[in-house]
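Trainee: Pasting a structure below so you can have a look.
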Amino acid sequence: MASKRRQECGSADGKRKKKSCPAEAAQFGSAVEDEQVKRAVKEAWSRRSPYSEGDLELDCFPFPHCIIKNFLSSEVFVENLQKELLGLDFHEKSNDLYKFKQSDDLKKRTEPHIAGLREGLFGRFRSWLGEVLGVELEPTVDISCARYEHTDVLLCHDDELEGRRVAFILYLVPPWQSSDGGTLDLYSINSNFQPQSIVKSLVPSWNTLVLFEVSPVSFHQVSEVLSKDKCRLSLSGWFHGPSLERPPRHVEAAVPRSPHLPRDETVLLEWVNPAYLDISYQEQIQEEFEDSSEIQLKDFLKEEKFREVSEALRLTEIEWMRKGPPNKRCYEAASLDSLPPCVKACWELLHSEAFFLLLSNFTGLRLHYLSGGRRSHWVVDRLGSECEQRERCVTARVIFLVSAARFCVLIGVKFSEPSIPVCCGEVRRWSHGSYTLLHDGEAAQAEYALDLVLPFGCTDWQSEFGGLTCYVANEEDEELLTIYPEENSLALVYRDKETLKFVKHINHKSTSAGSSPCRGFYDFSFVYYE
C-alpha cells in the first residue's frame, strides 16, 4: 500500500520534468477485468434493467448510468495521477451554464500517468464499453480535467453534441459528503422530454468512474460546491460513436403579449419621481440612451411608493410559481391574481399607455403611434400652448402623454399606418439556486426589443452572489453588458436579433449575507416590442 497522502487541490508543487517519461500503464479494477461481470452488464444494459456486482452498479433510472468504484487497481497510480493533474494549468470557465476551472485538452499530455490513463481509457476500456453497449465506439480522444471549488457549478444540460455517445467522469476527490455539494444530479423528464426534477444525486468518491449514455433525455448537473476547503477534482470526457435518435425538439409556447392598458397620466404623477417627467430631462436621457442602447434611472419611483411595494413583496402571501424547465430557467414568478393592490398597481403602471409613451421619450423608440422623436415634442409644445401651461410645470409636461391623441385629431396631424406596440411582463423572485440560461429556442426567436428591469429588496446585494443580468452576442461567451440589481433603479436595455440575455446563477453566498436567513430579491421584468 502506498504511503503517500492524497493531496488537496493547490497542494501540488507544480514542478514539471523537462524530459517526458514513458507512459505508466493503467490497470483497471476487478469490476472491469471480470468477463462474467461484463456479460451480465451487457445483458442488463440491453434490457434497461438494474445490475450490481461488487464495485460495479448499473442503474437505468432516470437514464442508463454506471458507477464503478476502485476503477483503477493501483492506489499509487491514482495518487500520482492526481499529482500530475494538480500541476497542470487551469483556466477559469464562466458563462450562463457553468463556473469552474478547466485544463487544456489532455489529448497530447506526456505526463506518464495522464498518458497511461488516456491510453487505457480510449484503448482497452473503450473496447470493454463498446462490447457492453453493442456499438462500435470511435478512437476519438476527448478528455480534460476540471476543478470545482467553492460556489462552482454546472447547471442542467444533456451533453448532446454530434458524435458523443457516452460521457464519463473519474473522481479524484478527498472524502466527500453530500453536504459539500458538487453532486452529479440526474433529472427525470416530462412528456415533452424536458427535464423536470432531480431524482438521483451521486456523491463523488475517490477513484470512482461514473459513465452514462448521452441521449436526448440525459439531463444532469453538477450541483454547486458548498465546501470552502475541498476541491472536486475530476477527469471527464466522452466516448464517441453513433448518436441515439432524437425525437422532435419541443417548442415552447410563446409568452403572451398584450397592448398597453388604458391608464391616463395620473398613474405617472402618482408613481414616478417627478424629475423623470420633465421633458428637458427626458431629452437628456434619450441622448444618452441613443449613444449606448442602455441606461439605468436611479430612484425611479417615488420613495414612499417604492417602500410600499417592497414591504408588500416581502410580507404579503403571494402565490409564487416555479418557472422551468431547468435546462432553460429556474426562478419564481408571481401569480398576477395573488398580487396585493400596491404591487398590482405597480405592474399596471409599467403596462399602461402613459408609461409606453414615457418609454418612447426615454428611448426614441416607437412604442406609441404618437412617438417618433421630435414630432412628439412638437405635439407637446402645441398642446402646452393650447392649455396655456407653457411654464416649466411638470404636470403640464406629462398631460400630453394621453391627451395628445385627441389633440392630434383636432388639429389634423397625420401619422403613418400605426403598428401596435405590445409588451409582456412578470414579477419575479430570485433566491439561492435561481438562474436563466441561453438556449437554442431563444436564439432562433430573438428579435428587437426593449428590456426593463426594476429590482426590489436588493440593498447591499453583491455581484459575487450572482443574480446579474448579462447580455452576450449570439454564440459568443464574452459579455457585452452586465446589469447589477440595484434598489429602485430602472434598467432599460435595447437589444437586437443577435443579442441574448441570461441571469447568472445565484450561489449560496447570498444566504449568509445580511440579516435574512434566505437572502434574495424581487424584480419587475418587462419586454416591450415596437
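Scheme for the C-alpha cells: letters A, B, ... for chains in order shown; per-chain residue numbers from 1; ligand numbers from 1 in order shown.
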Would you tabulate, counting only C-alpha atoms, all residues of range 119-173 of chain A that have an atom at most 12 Å from an atom of range 502-509 of chain A, showing the closest pair of atoms and their distance in Å to one decimal, sorted by chain then ascending number, as a tab-separated table?

Mentor:
```
residue	atom	partner	partner_atom	distance
A:His150	CA	A:His508	CA	9.6
A:Thr151	CA	A:Asn507	CA	6.1
A:Asp152	CA	A:Asn507	CA	8.5
A:Val153	CA	A:His505	CA	8.7
A:Leu154	CA	A:His505	CA	9.8
A:Leu155	CA	A:His505	CA	8.6
A:Cys156	CA	A:His505	CA	11.5
```

Trainee: Mind writing the picked residues with C-alpha atoms as a PDB file, in the first residue's frame?

Mentor:
```
ATOM      1  CA  HIS A 150     -16.365  26.939  -3.567  1.00  0.00           C
ATOM      2  CA  THR A 151     -19.557  28.128  -5.425  1.00  0.00           C
ATOM      3  CA  ASP A 152     -18.566  26.458  -8.723  1.00  0.00           C
ATOM      4  CA  VAL A 153     -21.430  24.833 -10.592  1.00  0.00           C
ATOM      5  CA  LEU A 154     -22.513  23.225 -13.876  1.00  0.00           C
ATOM      6  CA  LEU A 155     -26.229  23.699 -14.473  1.00  0.00           C
ATOM      7  CA  CYS A 156     -28.768  21.430 -16.146  1.00  0.00           C
TER       8      CYS A 156
END
```

Trainee: I'd like the interatomic distance between CA of Phe300 in chain A and CA of Asn488 in chain A, to a tenth of an Å.

Mentor: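 Taking CA of Phe300 in chain A as the start and CA of Asn488 in chain A as the end point, the length is 5.9 Å.
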
Trainee: Excluding range 287-289 of chain A and residues on its chain fewer than 2 positions from it, collect all residues at most 9 Å away from it, counting only C-alpha atoms, and give them as a list in words.

Mentor: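 What passes the distance filter is Gln282, Glu283, Gln284, Ile285, Asp291, Ser292, Ser293, Glu294, Ile295, Phe362, Thr363, Gly364, Leu492, Val493 and Tyr494 of chain A.
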
Trainee: Find, counting only C-alpha atoms, the residue in A:Lys200, A:Leu313, A:Ser335, A:Glu348 that gets nearest to Trp271 in chain A.

Mentor: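 Checking each of A:Lys200, A:Leu313, A:Ser335, A:Glu348 against Trp271 in chain A, counting only C-alpha atoms, the winner is A:Glu348.
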
Trainee: Can you tell me how far CA of Leu172 in chain A sits from CA of Asn207 in chain A, in Å to one decimal?

Mentor: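 Computed distance, CA of Leu172 in chain A to CA of Asn207 in chain A, equals 5.7 Å.
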
Trainee: Figure out the distance between CA of Lys497 in chain A and CA of Ala444 in chain A, please, to one decimal in Å.

Mentor: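 Separation between CA of Ala444 in chain A and CA of Lys497 in chain A: 9.0 Å.
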
Trainee: Which residue gives the smallest distance to His250 in chain A among A:Asp440, A:Glu24, A:Ser30, A:Asn361, with only C-alpha atoms counted?

Mentor: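 Using only C-alpha atoms, His250 in chain A sits closest to A:Asp440.
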
Trainee: Skipping near chain neighbours, those fewer than 6 positions away, what residues fall within 7 Å of range 161-168 of chain A using only C-alpha atoms, listed as a ChimeraX atom specification?

Mentor: /A:209-214,236-243

Trainee: If we count only C-alpha atoms, what is near Glu317 in chain A at a cut-off of 9 Å, once residues fewer than 5 positions away on the same chain are taken out, given as number ranges by chain?

Mentor: A: 312, 338-340

Trainee: Where does DSSP see alpha helix (DSSP H) in range 149-355 of chain A, if you list the residues as a PyMOL selection string?

Mentor: chain A and resi 266-271+279-292+303-315+341-351+353-355

Trainee: With only C-alpha atoms as the basis for distance, which of A:Glu270, A:Glu304, A:Glu92, A:Asp299 is at the shortest distance from Pro455 in chain A?

Mentor: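 Closest to Pro455 in chain A of all the choices is A:Asp299.
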
Trainee: Please build the interface table for range 84-155 of chain A against range 463-486 of chain A with a cut-off of 9 Å, listing for each qualifying residue the nearest atom pair and the distance in Å to one decimal; count only C-alpha atoms, order rows by chain and increasing number, and write it as a tab-separated table.

Mentor:
```
residue	atom	partner	partner_atom	distance
A:Ser94	CA	A:Asp477	CA	8.4
A:Asn95	CA	A:Asp477	CA	6.3
A:Asp96	CA	A:Cys470	CA	8.5
```

Trainee: Residues as selected, N, CA, C and O atoms, written as a PDB file, in the first residue's frame, can you do that?

Mentor:
```
ATOM      1  N   SER A  94     -16.434  30.447 -17.297  1.00  0.00           N
ATOM      2  CA  SER A  94     -17.638  31.015 -16.698  1.00  0.00           C
ATOM      3  C   SER A  94     -18.544  31.562 -17.791  1.00  0.00           C
ATOM      4  O   SER A  94     -18.117  32.349 -18.636  1.00  0.00           O
ATOM      5  N   ASN A  95     -19.778  31.111 -17.789  1.00  0.00           N
ATOM      6  CA  ASN A  95     -20.805  31.676 -18.657  1.00  0.00           C
ATOM      7  C   ASN A  95     -22.164  31.426 -18.014  1.00  0.00           C
ATOM      8  O   ASN A  95     -22.245  31.280 -16.791  1.00  0.00           O
ATOM      9  N   ASP A  96     -23.231  31.387 -18.792  1.00  0.00           N
ATOM     10  CA  ASP A  96     -24.550  31.182 -18.221  1.00  0.00           C
ATOM     11  C   ASP A  96     -24.695  29.800 -17.609  1.00  0.00           C
ATOM     12  O   ASP A  96     -25.391  29.622 -16.609  1.00  0.00           O
TER      13      ASP A  96
END
```

Trainee: Closest to Gln36 in chain A among A:Ile68, A:Cys60, A:Val132, A:Leu226, using only C-alpha atoms?

Mentor: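 Ranking A:Ile68, A:Cys60, A:Val132, A:Leu226 by distance to Gln36 in chain A, first place goes to A:Val132.
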
Trainee: Neighbouring residues of Arg249 in chain A were defined as those with any atom within 12 Å, considering only C-alpha atoms; residues of the same chain fewer than 6 positions away were excluded. Please report them as a list in words.

Mentor: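 Non-adjacent residues within range: Ser191, Asn192, Phe193, Gln194, Pro216, Val217, Asp440 and Gly441 of chain A.
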
Trainee: Taking into account only C-alpha atoms, which residue in the set A:Asp34, A:Asp337, A:Glu353, A:Glu311 is nearest to Tyr522 in chain A?

Mentor: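 Once distances to Tyr522 in chain A are computed over only C-alpha atoms, the minimum belongs to A:Glu311.
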